[in-house]
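J.: mmCIF, C-alpha atoms and all ligand atoms, file final27.cif:
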data_structure
#
loop_
_atom_site.label_atom_id
_atom_site.label_comp_id
_atom_site.auth_asym_id
_atom_site.auth_seq_id
_atom_site.Cartn_x
_atom_site.Cartn_y
_atom_site.Cartn_z
CA MET X 1 85.29 113.40 -43.02
CA LYS X 2 84.97 112.21 -39.43
CA ILE X 3 87.92 110.91 -37.42
CA ALA X 4 87.86 109.31 -33.96
CA LEU X 5 90.93 109.83 -31.77
CA VAL X 6 90.94 107.06 -29.20
CA SER X 7 92.82 106.49 -25.96
CA PRO X 8 92.01 102.89 -24.85
CA LYS X 9 91.16 102.16 -21.25
CA SER X 10 93.99 100.85 -19.13
CA PRO X 11 93.74 97.50 -17.35
CA PRO X 12 93.32 97.47 -13.55
CA LEU X 13 96.59 98.55 -11.94
CA SER X 14 97.18 95.09 -10.54
CA ARG X 15 95.68 91.63 -10.91
CA ASN X 16 95.81 91.28 -7.12
CA VAL X 17 92.38 92.35 -5.85
CA GLU X 18 93.68 93.55 -2.47
CA PHE X 19 96.28 95.64 -4.28
CA GLN X 20 93.68 97.03 -6.70
CA ASP X 21 91.44 97.98 -3.82
CA PHE X 22 94.23 99.74 -1.93
CA LEU X 23 95.46 101.72 -4.95
CA LYS X 24 91.92 102.76 -5.79
CA HIS X 25 90.49 103.61 -2.39
CA SER X 26 93.24 104.66 0.00
CA PRO X 27 92.44 108.32 0.85
CA GLU X 28 96.16 108.94 1.43
CA MET X 29 96.79 108.10 -2.24
CA GLU X 30 94.42 110.70 -3.68
CA PHE X 31 97.15 113.07 -4.87
CA TYR X 32 99.10 110.15 -6.34
CA ARG X 33 96.02 109.00 -8.28
CA GLN X 34 95.45 112.54 -9.50
CA TYR X 35 99.05 112.79 -10.65
CA TRP X 36 98.57 109.92 -13.05
CA SER X 37 95.19 111.03 -14.39
CA GLY X 38 94.32 112.93 -17.55
CA LEU X 39 95.02 112.32 -21.22
CA GLY X 40 98.50 112.81 -22.63
CA SER X 41 98.83 115.43 -25.34
CA GLY X 42 99.59 112.98 -28.21
CA LEU X 43 96.03 112.78 -29.58
CA LEU X 44 95.62 116.54 -29.14
CA VAL X 45 98.68 117.08 -31.32
CA ILE X 46 97.12 114.82 -33.97
CA GLY X 47 94.01 116.98 -33.61
CA ALA X 48 96.06 120.11 -34.22
CA LEU X 49 97.65 118.57 -37.33
CA THR X 50 94.21 117.81 -38.78
CA PRO X 51 92.53 120.47 -40.94
CA ASN X 52 89.61 122.31 -39.35
CA ASN X 53 87.12 121.03 -41.90
CA VAL X 54 87.56 117.46 -40.60
CA GLU X 55 85.19 116.49 -37.78
CA LEU X 56 87.10 115.12 -34.79
CA GLU X 57 85.87 113.14 -31.83
CA LEU X 58 88.18 112.52 -28.90
CA ILE X 59 87.33 109.37 -26.93
CA ASP X 60 89.02 108.67 -23.60
CA GLU X 61 87.89 105.14 -22.92
CA GLY X 62 89.08 105.52 -19.32
CA ILE X 63 86.02 107.69 -18.68
CA GLU X 64 83.61 107.01 -21.56
CA GLU X 65 82.34 104.18 -23.74
CA ILE X 66 83.29 103.81 -27.38
CA ASP X 67 80.27 103.75 -29.68
CA PHE X 68 81.32 101.24 -32.32
CA SER X 69 78.21 101.98 -34.37
CA GLN X 70 79.42 105.48 -35.24
CA GLY X 71 80.27 105.93 -38.90
CA TYR X 72 83.83 107.20 -38.61
CA ASP X 73 85.96 107.39 -41.76
CA LEU X 74 89.17 106.83 -39.84
CA VAL X 75 90.10 105.84 -36.29
CA ALA X 76 93.46 106.77 -34.74
CA ILE X 77 94.44 104.96 -31.55
CA THR X 78 97.42 105.68 -29.33
CA ALA X 79 98.60 103.30 -26.64
CA VAL X 80 101.33 102.60 -24.14
CA THR X 81 102.29 98.99 -23.53
CA GLN X 82 99.66 98.14 -20.90
CA GLN X 83 96.93 99.47 -23.25
CA ALA X 84 98.24 97.68 -26.34
CA ASN X 85 95.98 94.62 -26.32
CA ARG X 86 92.90 96.75 -25.70
CA ALA X 87 94.02 98.99 -28.59
CA TYR X 88 94.24 95.91 -30.83
CA GLU X 89 90.75 94.81 -29.77
CA ILE X 90 89.31 98.25 -30.53
CA ALA X 91 91.10 98.22 -33.89
CA ARG X 92 89.64 94.79 -34.68
CA ARG X 93 86.09 95.92 -33.93
CA PHE X 94 86.33 99.00 -36.14
CA ARG X 95 88.04 97.12 -38.96
CA GLU X 96 85.24 94.54 -38.91
CA LYS X 97 83.06 97.46 -40.01
CA ASN X 98 85.48 98.36 -42.78
CA ILE X 99 86.70 101.44 -40.95
CA ARG X 100 90.39 102.13 -41.42
CA VAL X 101 92.48 102.17 -38.25
CA VAL X 102 95.82 103.83 -37.51
CA LEU X 103 97.88 102.84 -34.47
CA GLY X 104 100.55 105.05 -32.89
CA GLY X 105 102.11 105.93 -29.56
CA ILE X 106 104.98 104.47 -27.59
CA HIS X 107 104.09 100.76 -27.95
CA ALA X 108 103.44 100.87 -31.69
CA THR X 109 106.66 102.85 -32.15
CA ILE X 110 108.65 100.21 -30.32
CA LEU X 111 106.90 97.20 -31.86
CA PRO X 112 105.59 98.32 -35.28
CA ASP X 113 105.60 94.80 -36.70
CA GLU X 114 103.28 93.64 -33.94
CA ALA X 115 101.01 96.71 -34.28
CA LYS X 116 100.87 96.22 -38.07
CA LEU X 117 99.01 92.94 -37.55
CA TYR X 118 96.05 94.84 -36.12
CA ALA X 119 95.92 98.10 -38.07
CA ASP X 120 95.81 99.49 -41.59
CA SER X 121 98.66 101.83 -40.76
CA VAL X 122 101.18 102.29 -37.99
CA VAL X 123 102.77 105.61 -37.07
CA VAL X 124 106.32 104.98 -35.90
CA GLY X 125 107.74 107.88 -33.92
CA GLU X 126 106.58 111.45 -33.56
CA ALA X 127 103.37 112.35 -35.35
CA GLU X 128 104.24 115.89 -36.45
CA ASN X 129 106.26 114.76 -39.48
CA LEU X 130 103.90 111.94 -40.41
CA TRP X 131 100.23 112.69 -39.82
CA PRO X 132 99.68 115.27 -42.62
CA LYS X 133 101.10 112.84 -45.22
CA LEU X 134 99.09 109.94 -43.76
CA LEU X 135 95.91 111.98 -43.95
CA ASP X 136 96.62 112.95 -47.54
CA ASP X 137 97.27 109.31 -48.44
CA PHE X 138 94.04 108.30 -46.71
CA ARG X 139 92.05 110.82 -48.76
CA HIS X 140 93.58 109.36 -51.90
CA ASN X 141 93.00 105.78 -50.81
CA ARG X 142 96.69 104.86 -50.73
CA LEU X 143 97.46 104.34 -47.03
CA SER X 144 100.86 102.76 -46.36
CA PRO X 145 101.22 100.08 -43.69
CA ILE X 146 103.99 102.06 -41.94
CA TYR X 147 104.70 105.76 -41.59
CA ALA X 148 108.10 106.24 -40.01
CA SER X 149 109.97 109.45 -39.45
CA GLN X 150 113.65 109.55 -40.31
CA GLN X 151 114.32 112.76 -38.41
CA GLU X 152 113.49 114.15 -35.00
CA VAL X 153 110.79 116.78 -34.92
CA ASP X 154 111.87 120.35 -34.38
CA LEU X 155 109.57 121.09 -31.44
CA LYS X 156 109.53 124.77 -32.34
CA GLU X 157 107.49 123.68 -35.37
CA SER X 158 105.10 121.56 -33.32
CA PRO X 159 101.54 122.92 -33.31
CA ILE X 160 99.64 123.91 -30.19
CA PRO X 161 97.74 120.76 -29.19
CA ARG X 162 94.00 121.01 -29.83
CA TYR X 163 93.08 121.53 -26.18
CA GLU X 164 89.55 122.47 -27.29
CA LEU X 165 88.93 118.72 -27.61
CA LEU X 166 89.09 118.52 -23.80
CA GLU X 167 86.29 121.06 -23.38
CA GLU X 168 83.61 118.51 -22.51
CA LYS X 169 85.91 116.18 -20.56
CA PRO X 170 86.30 116.24 -16.81
CA CYS X 171 90.02 117.00 -16.23
CA LYS X 172 91.67 117.84 -12.95
CA ILE X 173 95.02 117.96 -14.68
CA VAL X 174 95.99 118.96 -18.22
CA TRP X 175 99.35 117.94 -19.64
CA VAL X 176 101.76 120.20 -21.51
CA GLN X 177 104.93 119.00 -23.17
CA ALA X 178 107.73 121.58 -23.29
CA THR X 179 110.61 119.23 -24.07
CA ARG X 180 111.32 115.77 -25.44
CA GLY X 181 114.30 113.50 -25.00
CA CYS X 182 116.37 112.52 -22.00
CA PRO X 183 120.18 112.44 -21.82
CA HIS X 184 120.16 109.33 -19.61
CA ASP X 185 119.56 105.85 -20.95
CA CYS X 186 118.29 103.86 -18.00
CA SER X 187 118.21 100.19 -18.86
CA PHE X 188 114.52 99.73 -17.95
CA CYS X 189 113.16 102.80 -19.77
CA CYS X 190 111.62 103.11 -23.23
CA ALA X 191 111.29 106.91 -23.20
CA SER X 192 114.80 107.73 -24.32
CA ARG X 193 114.50 105.03 -27.01
CA VAL X 194 111.36 106.69 -28.40
CA TYR X 195 112.26 110.37 -28.08
CA GLY X 196 116.05 110.05 -28.27
CA SER X 197 118.80 111.19 -25.96
CA LYS X 198 119.04 114.66 -27.49
CA TYR X 199 117.16 117.15 -25.36
CA ARG X 200 114.83 119.24 -27.54
CA HIS X 201 112.48 121.96 -26.47
CA LYS X 202 109.70 124.22 -27.64
CA SER X 203 110.18 127.97 -27.57
CA ILE X 204 109.26 129.68 -24.30
CA ASP X 205 106.49 131.61 -26.09
CA GLN X 206 104.98 128.38 -27.41
CA VAL X 207 104.78 126.84 -23.95
CA ILE X 208 103.31 130.00 -22.39
CA HIS X 209 100.79 130.16 -25.20
CA GLU X 210 99.80 126.53 -24.57
CA ILE X 211 99.33 127.12 -20.86
CA ASN X 212 97.20 130.21 -21.56
CA LYS X 213 95.12 128.20 -23.98
CA ILE X 214 94.54 125.49 -21.37
CA ARG X 215 93.47 128.10 -18.85
CA GLN X 216 90.87 129.45 -21.27
CA ILE X 217 89.43 125.97 -21.59
CA LYS X 218 90.04 124.47 -18.13
CA LYS X 219 90.47 127.41 -15.81
CA HIS X 220 91.07 125.45 -12.61
CA ALA X 221 93.02 122.48 -13.91
CA LEU X 222 96.44 121.73 -12.52
CA ILE X 223 99.10 122.02 -15.22
CA GLY X 224 101.19 118.87 -15.60
CA PHE X 225 104.46 119.04 -17.51
CA ALA X 226 104.59 115.66 -19.25
CA ASP X 227 108.30 115.95 -20.02
CA ASP X 228 110.41 113.02 -18.91
CA ASN X 229 113.00 115.36 -17.47
CA LEU X 230 111.74 118.96 -17.50
CA LEU X 231 114.53 120.66 -15.57
CA CYS X 232 117.73 119.07 -16.88
CA ASP X 233 118.64 122.03 -19.14
CA LYS X 234 119.01 124.62 -16.40
CA GLY X 235 119.27 127.63 -18.75
CA TYR X 236 116.06 126.74 -20.58
CA SER X 237 114.25 125.86 -17.34
CA ARG X 238 115.15 129.22 -15.84
CA GLN X 239 113.91 131.17 -18.88
CA LEU X 240 110.70 129.16 -19.00
CA LEU X 241 109.91 129.41 -15.31
CA GLU X 242 110.60 133.15 -15.18
CA LYS X 243 107.72 133.52 -17.64
CA VAL X 244 105.54 130.96 -15.86
CA VAL X 245 105.75 133.03 -12.64
CA GLY X 246 103.50 135.69 -14.18
CA LEU X 247 100.79 133.14 -15.05
CA LYS X 248 100.02 132.35 -11.41
CA ILE X 249 99.39 128.66 -12.04
CA LYS X 250 99.94 125.53 -10.02
CA TRP X 251 101.98 122.83 -11.74
CA ILE X 252 103.68 119.48 -11.33
CA GLY X 253 106.49 117.96 -13.37
CA GLN X 254 109.29 115.41 -13.54
CA SER X 255 112.97 116.02 -13.00
CA ASP X 256 116.13 114.22 -12.05
CA ILE X 257 117.77 115.00 -8.70
CA SER X 258 120.30 117.42 -10.25
CA VAL X 259 117.75 120.21 -9.85
CA ALA X 260 118.69 120.16 -6.15
CA ASP X 261 122.19 121.48 -6.97
CA ASP X 262 120.84 124.88 -7.99
CA ASN X 263 119.08 126.69 -5.19
CA ASP X 264 118.23 129.75 -7.32
CA LEU X 265 116.48 127.47 -9.79
CA LEU X 266 114.68 125.71 -6.95
CA ARG X 267 113.40 129.04 -5.67
CA LEU X 268 112.13 129.80 -9.15
CA VAL X 269 110.51 126.36 -9.42
CA LYS X 270 108.55 127.14 -6.26
CA LYS X 271 107.78 130.76 -7.21
CA SER X 272 106.41 129.64 -10.58
CA GLY X 273 103.77 127.49 -8.82
CA CYS X 274 105.31 124.03 -8.59
CA VAL X 275 103.38 121.89 -6.14
CA ALA X 276 105.43 118.72 -6.46
CA LEU X 277 108.22 117.22 -8.51
CA LEU X 278 108.31 113.58 -9.47
CA ILE X 279 111.90 112.40 -9.17
CA GLY X 280 113.20 109.07 -10.43
CA PHE X 281 115.44 107.75 -7.63
CA GLU X 282 114.96 104.19 -8.95
CA SER X 283 116.71 102.50 -6.01
CA ILE X 284 118.50 103.21 -2.77
CA ILE X 285 120.69 100.12 -3.14
CA GLU X 286 124.08 101.09 -4.53
CA ASP X 287 124.61 97.90 -6.54
CA ASN X 288 121.27 98.31 -8.30
CA LEU X 289 122.25 101.73 -9.59
CA ARG X 290 125.71 100.68 -10.74
CA GLY X 291 125.51 100.37 -14.53
CA LEU X 292 121.82 101.29 -14.65
CA ASP X 293 122.65 103.91 -17.29
CA SER X 294 125.75 104.03 -19.46
CA SER X 295 127.36 106.99 -17.70
CA ASN X 296 126.50 105.69 -14.23
CA TRP X 297 124.70 108.96 -13.60
CA LYS X 298 122.18 107.61 -11.09
CA PHE X 299 124.85 105.60 -9.25
CA LYS X 300 127.02 108.71 -8.87
CA HIS X 301 124.08 110.73 -7.52
CA LEU X 302 122.94 108.22 -4.88
CA LYS X 303 125.19 109.83 -2.25
CA ASN X 304 123.37 113.15 -2.81
CA TYR X 305 119.82 111.79 -2.52
CA VAL X 306 119.15 112.81 1.10
CA GLU X 307 120.83 116.20 0.81
CA GLY X 308 119.04 116.81 -2.52
CA ILE X 309 115.66 115.91 -1.02
CA ARG X 310 116.25 118.37 1.85
CA ALA X 311 117.18 121.15 -0.60
CA ILE X 312 114.06 120.62 -2.71
CA GLN X 313 111.70 120.31 0.25
CA GLY X 314 113.39 123.27 1.97
CA ASN X 315 111.95 125.40 -0.82
CA GLY X 316 108.45 124.15 -0.09
CA ILE X 317 108.33 121.68 -3.00
CA GLY X 318 106.90 118.21 -2.35
CA ILE X 319 108.62 115.19 -3.87
CA ILE X 320 107.02 112.11 -5.34
CA GLY X 321 109.83 109.58 -5.53
CA THR X 322 109.74 106.78 -8.06
CA PHE X 323 111.41 103.52 -7.10
CA ILE X 324 111.78 100.13 -8.73
CA VAL X 325 112.07 96.85 -6.85
CA GLY X 326 112.99 93.43 -8.16
CA PHE X 327 116.52 94.29 -9.31
CA ASP X 328 119.04 91.46 -9.03
CA ASN X 329 120.45 92.82 -5.76
CA ASP X 330 117.05 93.16 -4.08
CA ASP X 331 116.11 90.54 -1.52
CA ILE X 332 113.07 90.87 0.74
CA SER X 333 114.96 93.24 3.06
CA VAL X 334 114.65 95.93 0.38
CA PHE X 335 111.03 96.68 1.29
CA ASN X 336 111.72 97.76 4.89
CA LYS X 337 114.73 99.79 3.78
CA LEU X 338 112.68 101.53 1.10
CA ALA X 339 109.72 102.26 3.39
CA ALA X 340 112.10 103.73 5.99
CA PHE X 341 113.79 105.90 3.34
CA ILE X 342 110.47 107.25 2.05
CA ILE X 343 109.04 107.91 5.52
CA ASP X 344 112.23 109.26 7.11
CA ASN X 345 112.71 111.65 4.21
CA HIS X 346 109.08 112.83 4.31
CA LEU X 347 108.42 112.17 0.62
CA ALA X 348 105.00 113.53 -0.28
CA GLY X 349 104.36 110.43 -2.36
CA ALA X 350 106.09 107.41 -3.81
CA GLN X 351 105.66 105.09 -6.75
CA ILE X 352 106.99 101.65 -5.95
CA ALA X 353 107.05 99.66 -9.15
CA ALA X 354 108.04 96.12 -10.01
CA LEU X 355 110.95 95.90 -12.44
CA THR X 356 109.08 95.46 -15.72
CA PRO X 357 110.65 94.08 -18.90
CA PHE X 358 109.27 96.63 -21.35
CA PRO X 359 109.95 95.77 -24.99
CA HIS X 360 113.26 96.83 -26.48
CA THR X 361 114.90 97.67 -23.17
CA GLU X 362 118.23 96.35 -21.91
CA VAL X 363 116.42 94.88 -18.92
CA ARG X 364 114.16 92.80 -21.16
CA LYS X 365 117.05 91.62 -23.30
CA ASN X 366 118.99 90.39 -20.27
CA LEU X 367 116.01 88.79 -18.54
CA LEU X 368 114.97 87.00 -21.72
CA THR X 369 118.47 85.59 -22.10
CA GLU X 370 118.24 84.24 -18.56
CA GLY X 371 114.72 82.87 -19.11
CA ARG X 372 113.29 85.13 -16.40
CA VAL X 373 110.51 86.91 -18.28
CA LEU X 374 107.34 85.25 -17.04
CA ASN X 375 104.93 86.53 -19.65
CA THR X 376 104.30 88.87 -22.52
CA LEU X 377 100.69 89.69 -21.75
CA TRP X 378 100.98 93.43 -22.26
CA GLU X 379 97.95 94.17 -20.06
CA ASN X 380 100.00 92.87 -17.13
CA TYR X 381 102.76 95.44 -17.72
CA THR X 382 101.16 97.83 -15.25
CA LEU X 383 104.25 98.37 -13.05
CA TYR X 384 102.47 96.76 -10.08
CA ASP X 385 102.06 93.29 -11.56
CA VAL X 386 105.11 91.07 -11.47
CA ASN X 387 106.20 89.78 -14.86
CA ILE X 388 109.69 88.56 -14.04
CA LYS X 389 111.36 86.00 -11.87
CA PRO X 390 113.52 88.06 -9.50
CA LYS X 391 116.93 86.69 -8.54
CA LYS X 392 116.68 86.88 -4.74
CA MET X 393 112.98 86.47 -4.00
CA SER X 394 109.92 84.83 -5.50
CA PRO X 395 107.48 86.71 -7.76
CA HIS X 396 104.90 86.42 -4.95
CA GLU X 397 107.31 87.96 -2.41
CA LEU X 398 107.96 90.82 -4.81
CA GLU X 399 104.25 91.52 -5.32
CA LYS X 400 103.47 91.26 -1.62
CA GLY X 401 106.48 93.40 -0.70
CA ILE X 402 105.32 96.19 -3.01
CA LEU X 403 101.81 96.19 -1.53
CA ASP X 404 103.13 96.14 2.05
CA THR X 405 105.46 99.05 1.27
CA PHE X 406 102.61 101.06 -0.27
CA LYS X 407 100.51 100.42 2.83
CA LYS X 408 103.29 101.65 5.11
CA VAL X 409 104.18 104.81 3.21
CA TYR X 410 100.55 105.74 2.55
CA SER X 411 99.32 104.99 6.08
CA PRO X 412 97.29 107.60 8.00
CA GLY X 413 100.18 107.92 10.50
CA ALA X 414 102.72 108.64 7.74
CA ALA X 415 100.33 111.23 6.24
CA ILE X 416 100.06 113.10 9.56
CA GLU X 417 103.82 113.08 9.99
CA LYS X 418 104.36 114.37 6.42
CA GLY X 419 101.78 117.10 6.99
CA SER X 420 103.46 118.40 10.13
CA TYR X 421 106.90 118.30 8.46
CA PHE X 422 105.67 120.47 5.60
CA LYS X 423 103.85 122.78 8.00
CA SER X 424 107.15 123.50 9.72
CA ILE X 425 108.87 124.11 6.36
CA PHE X 426 106.17 126.51 5.23
CA SER X 427 106.27 128.43 8.48
CA GLU X 428 110.09 128.74 8.14
CA LEU X 429 109.68 129.95 4.56
CA HIS X 430 107.15 132.56 5.60
CA GLN X 431 109.50 133.91 8.21
CA LYS X 432 112.38 134.26 5.74
CA PRO X 433 112.76 137.67 4.04
CA LYS X 434 111.67 137.38 0.37
S1 LIG A 1 116.07 109.48 -16.43
FE1 LIG A 1 113.91 108.86 -16.58
S2 LIG A 1 113.28 109.36 -18.68
FE2 LIG A 1 115.52 109.42 -18.63
S3 LIG A 1 116.13 107.38 -19.35
FE3 LIG A 1 116.07 107.32 -17.09
S4 LIG A 1 114.00 106.64 -16.55
FE4 LIG A 1 113.97 107.24 -18.72
#
Let me see whether you can do it: turn the structure in this file into structure tokens.
Ligand code: SF4
T.:
Amino acid sequence: MKIALVSPKSPPLSRNVEFQDFLKHSPEMEFYRQYWSGLGSGLLVIGALTPNNVELELIDEGIEEIDFSQGYDLVAITAVTQQANRAYEIARRFREKNIRVVLGGIHATILPDEAKLYADSVVVGEAENLWPKLLDDFRHNRLSPIYASQQEVDLKESPIPRYELLEEKPCKIVWVQATRGCPHDCSFCCASRVYGSKYRHKSIDQVIHEINKIRQIKKHALIGFADDNLLCDKGYSRQLLEKVVGLKIKWIGQSDISVADDNDLLRLVKKSGCVALLIGFESIIEDNLRGLDSSNWKFKHLKNYVEGIRAIQGNGIGIIGTFIVGFDNDDISVFNKLAAFIIDNHLAGAQIAALTPFPHTEVRKNLLTEGRVLNTLWENYTLYDVNIKPKKMSPHELEKGILDTFKKVYSPGAAIEKGSYFKSIFSELHQKPK
């Protein structure tokens, strides 16, 4: 049996050609581009759940063409929202050749009824509990239209992703997932709706084993922790990072700002090889953060943003801040305020995204009620394209404001300033007794 595991190519990051060109070619954005590169581990987990006697071909359409003439027995496609329509097109082309197609991933999990229109089967939720049964049904010619898991996967039972499938692929970064779930429930985010609010994690040994495996296959790749919120369970993070120290790797990951409250943990984050943390600040406007999540967590932490940034950077860790613009309290003055915040606080990088009405989020529900969702063309849900009518500016002003802010915070001048700031931090750190 031969199975193709397909990651569809993503659409251009923006429909605006000037924007596309800047995101693609600005030398100051190289690290940012690298951060978002590489395949997620979802298809590699499917690979690990597939018996060794099945031939597998991993196709990353972002870097290679799909050969539709290949005689696969089954094609499994995973997609996030912006890839969904391309996933449906790929599914259509294979099904025309009577090849069965399975769709999974975040978008299919959120909208299984839509995905069902384009596939023989849809995997709803985490694959670990579903793929072996699906494969068995496929062998016996009794595929069901939907495979849905009733219970959350115990990550300690999750197999080591089949990293061998990356052997022939060029990867600067390889993603590991140590945890799933996020205790917050931000109104714009699908992650906690897919993985749940309960924080689950793999055993420390599993994660170390996975990193060692990656290093056998891609010796020089940067390790990326794909977890939505890697460091929110401080006890687990400490145990994990104490072991990571010995591996002598370089890594990046995502956290919320609470990591800044624990300087011992921050020291360990740095010692274990962290190059940069991506932190979801979301907004610097108080009224935007009020009610953003049900416990008002982000709102309560706004007053600690600057102090928290200093604490993290003081340990020699760069910060990539993620911000959203287009909230109801944002008028065009938000762009200058945001650029000043990012530059004055020496953030190593920033993602400035348009508020996007992803399916099944609170944000979408509210904007739909108010008739402010401009379209449902999933390929436009790139984070840089504007798909809503903001309250206090026009869609054009929002798009232009995002591009102008990117240009300011990724200007050559800002890069020099950032560089000298970090130079002074590193020289201070070197002078401190260890
Ligand atoms: S903290 Fe991040 S992962 Fe968690 S719900 Fe908010 S945006 Fe999503």
J.: Please, which residues have at least one atom within 10 Å of an atom of ligand LIG 1 (chain A), using all atoms listed in the file, listed as a ChimeraX atom specification?
T.: /X:180-193,195-197,227-230,232,254-257,279-282,292-293,297-298,322
J.: From (106.4, 102.2, -7.9), in the file's coordinates, out to 6 Å: which residues are reached, counting only C-alpha atoms? Answer as a PyMOL selection string.
T.: chain X and resi 322-324+351-353
J.: To one decimal place, how far is atom CA of X:Glu18 from atom CA of X:Val409 in Å?
T.: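 Taking atom CA of X:Glu18 as the start and atom CA of X:Val409 as the end point, the length is 16.4 Å.
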J.: At a cut-off of 12 Å from (88.6, 104.0, -17.5) in the coordinates of the file, what residues are picked up using only C-alpha atoms, written as an MDAnalysis selection string?
T.: chainID X and resid 7:13 37:39 59:66 83 86
J.: Could you check how far atom CA of X:Leu222 sits from atom CA of X:Leu277, in Å to one decimal?
T.: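 Between atom CA of X:Leu222 and atom CA of X:Leu277 the gap is 13.2 Å.
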J.: X:Ile342, X:Ile317, X:Leu368, X:Val245: which is nearest X:Phe426, counting all atoms listed in the file?
T.: X:Ile317
J.: X:Pro390, X:Gly318, X:Pro359, X:Gly326: which is nearest X:Ala84, counting only C-alpha atoms?
T.: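 Comparing X:Pro390, X:Gly318, X:Pro359, X:Gly326 against X:Ala84, the winner is X:Pro359.
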J.: When distances are computed from only C-alpha atoms, which of X:Ala260, X:Ala127, X:Glu28, X:Asp136 shows the smallest separation from X:Ala414?
T.: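 Among the listed residues, the smallest separation from X:Ala414 belongs to X:Glu28.
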J.: X:Lys24: which residues within 12 Å, counting only C-alpha atoms, same-chain residues fewer than 5 positions away excluded, as a list in words?
T.: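 Residues near the query, excluding close chain neighbours: Pro12, Leu13, Ser14, Val17, Glu18, Phe19, Met29, Glu30, Phe31, Tyr32, Arg33 and Gln34 of chain X.
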J.: Write a file of the just-selected residues containing C-alpha atoms, as a short mmCIF file (atom, residue, chain, number, x, y, z; two decimals), in the coordinates of the input.
T.:
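Contents of part21.cif, freshly written:
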data_model
loop_
_atom_site.label_atom_id
_atom_site.label_comp_id
_atom_site.auth_asym_id
_atom_site.auth_seq_id
_atom_site.Cartn_x
_atom_site.Cartn_y
_atom_site.Cartn_z
CA PRO X 12 93.32 97.47 -13.55
CA LEU X 13 96.59 98.55 -11.94
CA SER X 14 97.18 95.09 -10.54
CA VAL X 17 92.38 92.35 -5.85
CA GLU X 18 93.68 93.55 -2.47
CA PHE X 19 96.28 95.64 -4.28
CA MET X 29 96.79 108.10 -2.24
CA GLU X 30 94.42 110.70 -3.68
CA PHE X 31 97.15 113.07 -4.87
CA TYR X 32 99.10 110.15 -6.34
CA ARG X 33 96.02 109.00 -8.28
CA GLN X 34 95.45 112.54 -9.50
#
J.: May I ask which of the residues X:Arg267, X:Lys391, X:His209, X:Lys97 is the closest one to X:Lys243, counting all atoms listed in the file?
T.: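 Smallest distance to X:Lys243 is found for X:His209.
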J.: Which one of X:Leu374, X:Ile332, X:Val363, X:Ala115 sits closest to X:Lys400 if you count all atoms listed in the file?
T.: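 Of X:Leu374, X:Ile332, X:Val363, X:Ala115, the one nearest X:Lys400, counting all atoms listed in the file, is X:Ile332.
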J.: As an exercise, work out the distance from atom CA of X:Gly104 to atom CA of X:Gly125 in Å and give it to one decimal place.
T.: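 Between atom CA of X:Gly104 and atom CA of X:Gly125 the gap is 7.8 Å.
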J.: Which one is closest to X:Asp287: X:Gln150, X:Asn212, X:Asn329, X:Asn16? Count only C-alpha atoms.
T.: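 Among X:Gln150, X:Asn212, X:Asn329, X:Asn16, it is X:Asn329 that comes nearest to X:Asp287.
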J.: Tell me, as a PyMOL selection string, which residues lie within 10 Å of X:Pro412, counting only C-alpha atoms; anything in the same chain fewer than 5 positions away does not count.
T.: chain X and resi 26-28+407+417-418
J.: When you look at X:Asp264 with a cut-off of 12 Å (counting only C-alpha atoms), what residues show up, excluding the ones that are within fewer than 2 positions of it in the same chain? I need them as a list in words.
T.: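 These residues fall inside the cut-off: Lys234, Gly235, Ser237, Arg238, Leu241, Glu242, Val259, Ala260, Asp261, Asp262, Leu266, Arg267, Leu268, Val269, Lys270, Lys271, Ala311, Ile312 and Asn315 of chain X.
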J.: Would you mind exporting C-alpha atoms of the selected residues as a PDB file, keeping the file's coordinate frame?
T.:
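Result file follows (again.pdb):
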ATOM      1  CA  LYS X 234     119.010 124.620 -16.400  1.00  0.00           C
ATOM      2  CA  GLY X 235     119.270 127.630 -18.750  1.00  0.00           C
ATOM      3  CA  SER X 237     114.250 125.860 -17.340  1.00  0.00           C
ATOM      4  CA  ARG X 238     115.150 129.220 -15.840  1.00  0.00           C
ATOM      5  CA  LEU X 241     109.910 129.410 -15.310  1.00  0.00           C
ATOM      6  CA  GLU X 242     110.600 133.150 -15.180  1.00  0.00           C
ATOM      7  CA  VAL X 259     117.750 120.210  -9.850  1.00  0.00           C
ATOM      8  CA  ALA X 260     118.690 120.160  -6.150  1.00  0.00           C
ATOM      9  CA  ASP X 261     122.190 121.480  -6.970  1.00  0.00           C
ATOM     10  CA  ASP X 262     120.840 124.880  -7.990  1.00  0.00           C
ATOM     11  CA  LEU X 266     114.680 125.710  -6.950  1.00  0.00           C
ATOM     12  CA  ARG X 267     113.400 129.040  -5.670  1.00  0.00           C
ATOM     13  CA  LEU X 268     112.130 129.800  -9.150  1.00  0.00           C
ATOM     14  CA  VAL X 269     110.510 126.360  -9.420  1.00  0.00           C
ATOM     15  CA  LYS X 270     108.550 127.140  -6.260  1.00  0.00           C
ATOM     16  CA  LYS X 271     107.780 130.760  -7.210  1.00  0.00           C
ATOM     17  CA  ALA X 311     117.180 121.150  -0.600  1.00  0.00           C
ATOM     18  CA  ILE X 312     114.060 120.620  -2.710  1.00  0.00           C
ATOM     19  CA  ASN X 315     111.950 125.400  -0.820  1.00  0.00           C
TER      20      ASN X 315
END
J.: Residues within 9 Å of X:Pro159, please, as a list in words. Count only C-alpha atoms; anything in the same chain fewer than 3 positions from it doesn't count.
T.: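 Contacts, with the query itself left out: Val45, Ala48, Leu49, Glu128, Leu155, Lys156, Arg162 and Gln206 of chain X.
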